[in-house]
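Novice: Encoded as structure tokens, here's the structure I'll be asking about.
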Amino acid sequence: MQAPSTVFMVKPDHFGYNAETAQSNAFQKEILICKHDDCRRQALEEFHLFVELLKSHKIDVLVFDSPRGKHAPDAVFPNNWVSFHQDGKVVLYPMLTENRRVERRVEIVNEIGKRFQVNEIIDLSTEEENGRILEGTGSMVFDLINKIAYANESTRTNKHLFYDVCQMLGYEGIFFRAFDDNGLDIYHTNVLLTIGEGFAIICKAVLDSNDSANVINSLQGSGLEVINISYEQMKHFAGNMIQLKNKEGHSYLVMSKSAHDILEEKQKNPLSKYANLIYSDLKTIETIGGGSARCMIAGIYLPLRSITIS
């Protein structure tokens with residue numbers, strides 16, 4: 001199963017420009033004309049419309065509030081601190097910046113555990129003390145069917161911890177380098193690579209020349225149709241998508257409006273073979289937060305409990 005049928009999302013209750021994360025995220029932009037309260041209201045409106053879009057397509061969405069009493073401007077991106085796996089494993093990840101570590105909340109895992117079976121919680125948060133950072137499915141893109149994980153090196157993605165997690169979860173690891181036009185590391189793998197059932201979307205232009213062939217050969221060797229996007233399309237988050245399934249088993253490729261609008265028909269047409277393309281306007285969240293649709297959604301792949309705990 002590559003596409004989850006249940007996801008969880010977190011409201012951007014404290015949304016705003018995060019100067020700490022901006023040091024390693026070139027996608028973030030501080031809009032000085034946008035006052036904090038206005039930006040937060042716009043982000044909340046975008047969030048609720050996005051959730052409504054998913055629910056209107058009968059996708060199961062669990063929504064949680066941001067942590068109370070905490071400064072958590074990036075809480076809307078929960079996929080960075082947790083991942084849920086088909087064998088019942090839950091992994092909690094080490095985060096680079098202090099103000100993102102407060103997003104990691106066991107109470108959310110416990111609430112999800114009332115509906116789904118949690119067999120083991122692997123807490124890697126102590127790795128922060130060792131400077132070994134790995135920000136969940138931002139740092140890693142999983143090919144769940146072929147059991148291969150992909151990650152590009154950055155201050156948010158430690159090579160050795162990546163391979164440790166691959167071993168824990170039973171994945172082959174493909175590690176590579178990727179750079180923007182200024183020669184800086186791409187901060188998260190999930191802005192340049194999306195993997196769905198039968199396809200992969202990737203920005204080949206940012207791959208290090210020493211690693212490119214290995215990455216592409218792995219994707220194609222796994223039977224995936226590889227759809228290339230340009231650097232400019234990647235900057236509009238055309239690589240930051242997620243495939244979801246609804247309660248009836250219908251498949252959707254979820255993206256932002258900016259990603260959808262910049263794709264060409266020659267790219268949309270092959271993608272439409274695998275899933276229905278749906279999108280929502282996330283301009284404020286993308287511009288100020290530096291993340292898009294994929295970053296906002298944490299897929300729940302855990303097995304269902306036979307009896308739900310109330």
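Residues are named by chain letter and number: chains run A, B, ... in the order of the structure tokens, numbers start at 1 in each chain, and ligands are numbered from 1 in the order shown.
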Residues of stretch 133-209 of chain A classed as strand (DSSP E or B) by DSSP on the backbone are to be reported as an MDAnalysis selection string.
Specialist: chainID A and resid 134 140:143 148:152 154 157 172:176 178:179 185 193:195 199:202 207
Novice: Output as a Markdown table one row per residue of stretch 149-174 of chain A within 12 Å of stretch 66-89 of chain A: the closest atom pair and its distance in Å to one decimal place, counting only C-alpha atoms, sorted by chain and residue number ascending.
Specialist:
| residue | atom | partner | partner_atom | distance |
| --- | --- | --- | --- | --- |
| A:Arg156 | CA | A:Asn80 | CA | 10.0 |
| A:Thr157 | CA | A:Asn80 | CA | 11.0 |
| A:Val165 | CA | A:Ser83 | CA | 11.4 |
| A:Met168 | CA | A:Lys89 | CA | 9.7 |
| A:Leu169 | CA | A:Lys89 | CA | 8.2 |
| A:Gly170 | CA | A:Asp87 | CA | 10.5 |
| A:Tyr171 | CA | A:His85 | CA | 11.8 |
Novice: Store the residues picked out above, limited to C-alpha atoms, as a compact mmCIF listing (two decimals), in the first residue's frame.
Specialist:
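The new file selection-v2.txt reads:
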# COMPACT_ATOMS: atom_id res chain seq x y z
CA ARG A 156 18.13 18.27 8.45
CA THR A 157 19.06 14.83 7.10
CA VAL A 165 16.27 4.02 10.35
CA MET A 168 15.05 -0.54 11.74
CA LEU A 169 12.18 -0.43 9.26
CA GLY A 170 13.50 -2.98 6.75
CA TYR A 171 14.18 -0.60 3.86
Novice: Please produce, as CSV, a per-residue contact table for stretch 205-290 of chain A versus stretch 9-16 of chain A (criterion: any atom at most 9 Å away, only C-alpha atoms considered), showing the nearest atom pair and its distance in Å to one decimal, sorted by chain then residue number.
Specialist:
residue,atom,partner,partner_atom,distance
A:Ile285,CA,A:Phe15,CA,8.3
A:Ile288,CA,A:Gly16,CA,6.8
A:Gly289,CA,A:Gly16,CA,7.1
Novice: Could you name the residues that touch A:Thr189 at 6 Å or less, counting only C-alpha atoms, but leaving out those on the same chain fewer than 2 positions away, as a ChimeraX atom specification?
Specialist: /A:138-139,151-152,191-192
Novice: Excluding stretch 261-270 of chain A and any residue of its chain fewer than 2 positions from it, enumerate the residues within 8 Å of it, using only C-alpha atoms, and give them as a ChimeraX atom specification.
Specialist: /A:227,233,236,238,257-259,272-274
Novice: Have a look at atom CA of A:Ser251 and atom CA of A:Tyr231 and let me know their distance in Å, one decimal.
Specialist: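 Computing the Euclidean distance for atom CA of A:Ser251 and atom CA of A:Tyr231 yields 26.9 Å.
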Novice: Could you state the separation of atom CA of A:Glu135 and atom CA of A:Asn158 in Å, given to one decimal place?
Specialist: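 Going from atom CA of A:Glu135 over to atom CA of A:Asn158 covers 9.2 Å.
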Novice: Can you pull out every residue within 7 Å of stretch 56-65 of chain A, counting only C-alpha atoms, but drop anything in the same chain fewer than 3 positions away, and send it as a PyMOL selection string?
Specialist: chain A and resi 5-11+52-53+245-247
Novice: Could the residues in this selection be saved with C-alpha atoms as a PDB file, in the first residue's frame?
Specialist:
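That gives us selection00.pdb:
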ATOM      1  CA  SER A   5      -6.612   6.089   3.463  1.00  0.00           C
ATOM      2  CA  THR A   6      -6.341   8.037   6.749  1.00  0.00           C
ATOM      3  CA  VAL A   7      -4.152  11.072   7.431  1.00  0.00           C
ATOM      4  CA  PHE A   8      -3.676  13.546  10.228  1.00  0.00           C
ATOM      5  CA  MET A   9      -3.106  17.275  10.031  1.00  0.00           C
ATOM      6  CA  VAL A  10      -2.391  20.062  12.543  1.00  0.00           C
ATOM      7  CA  LYS A  11      -4.008  23.501  12.527  1.00  0.00           C
ATOM      8  CA  GLU A  52     -12.646  20.529   3.332  1.00  0.00           C
ATOM      9  CA  LEU A  53     -11.291  19.609  -0.107  1.00  0.00           C
ATOM     10  CA  LYS A 245      -6.988   6.936  -1.188  1.00  0.00           C
ATOM     11  CA  ASN A 246     -10.493   7.626   0.028  1.00  0.00           C
ATOM     12  CA  LYS A 247     -12.915   5.376   1.883  1.00  0.00           C
TER      13      LYS A 247
END
Novice: For stretch 217-225 of chain A, work out the shell of residues within 8 Å, counting only C-alpha atoms and skipping chain neighbours fewer than 5 positions away, then give it as a list of chain:residue names.
Specialist: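 That gives A:Asn146, A:Glu197, A:Gly198, A:Phe199, A:Ala200.
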Novice: Take the residues just selected and output them with C-alpha atoms as a tab-separated table (two decimals), in the first residue's frame.
Specialist:
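Writing done, so here's out-v3.tsv:
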chain	number	residue	atom	x	y	z
A	146	ASN	CA	9.44	-1.76	-3.08
A	197	GLU	CA	1.75	3.73	-6.86
A	198	GLY	CA	3.40	3.22	-10.25
A	199	PHE	CA	5.02	6.65	-10.63
A	200	ALA	CA	7.66	9.02	-9.32
Novice: What's around A:Ser230 at 9 Å? Count only C-alpha atoms, leave out sequence neighbours fewer than 5 positions away in its own chain, and write the answer as number ranges by chain.
Specialist: A: 202-205, 235, 238
Novice: Pick the closest to A:Ile242 from A:Asp143, A:Glu98, A:Asp281, A:Asp181: which is it, counting only C-alpha atoms?
Specialist: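 Using only C-alpha atoms, A:Ile242 sits closest to A:Asp143.
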Novice: Distance atom CA of A:Leu253-atom CA of A:Leu277, one decimal place?
Specialist: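 Rounded to one decimal, the two atoms are 4.9 Å apart.
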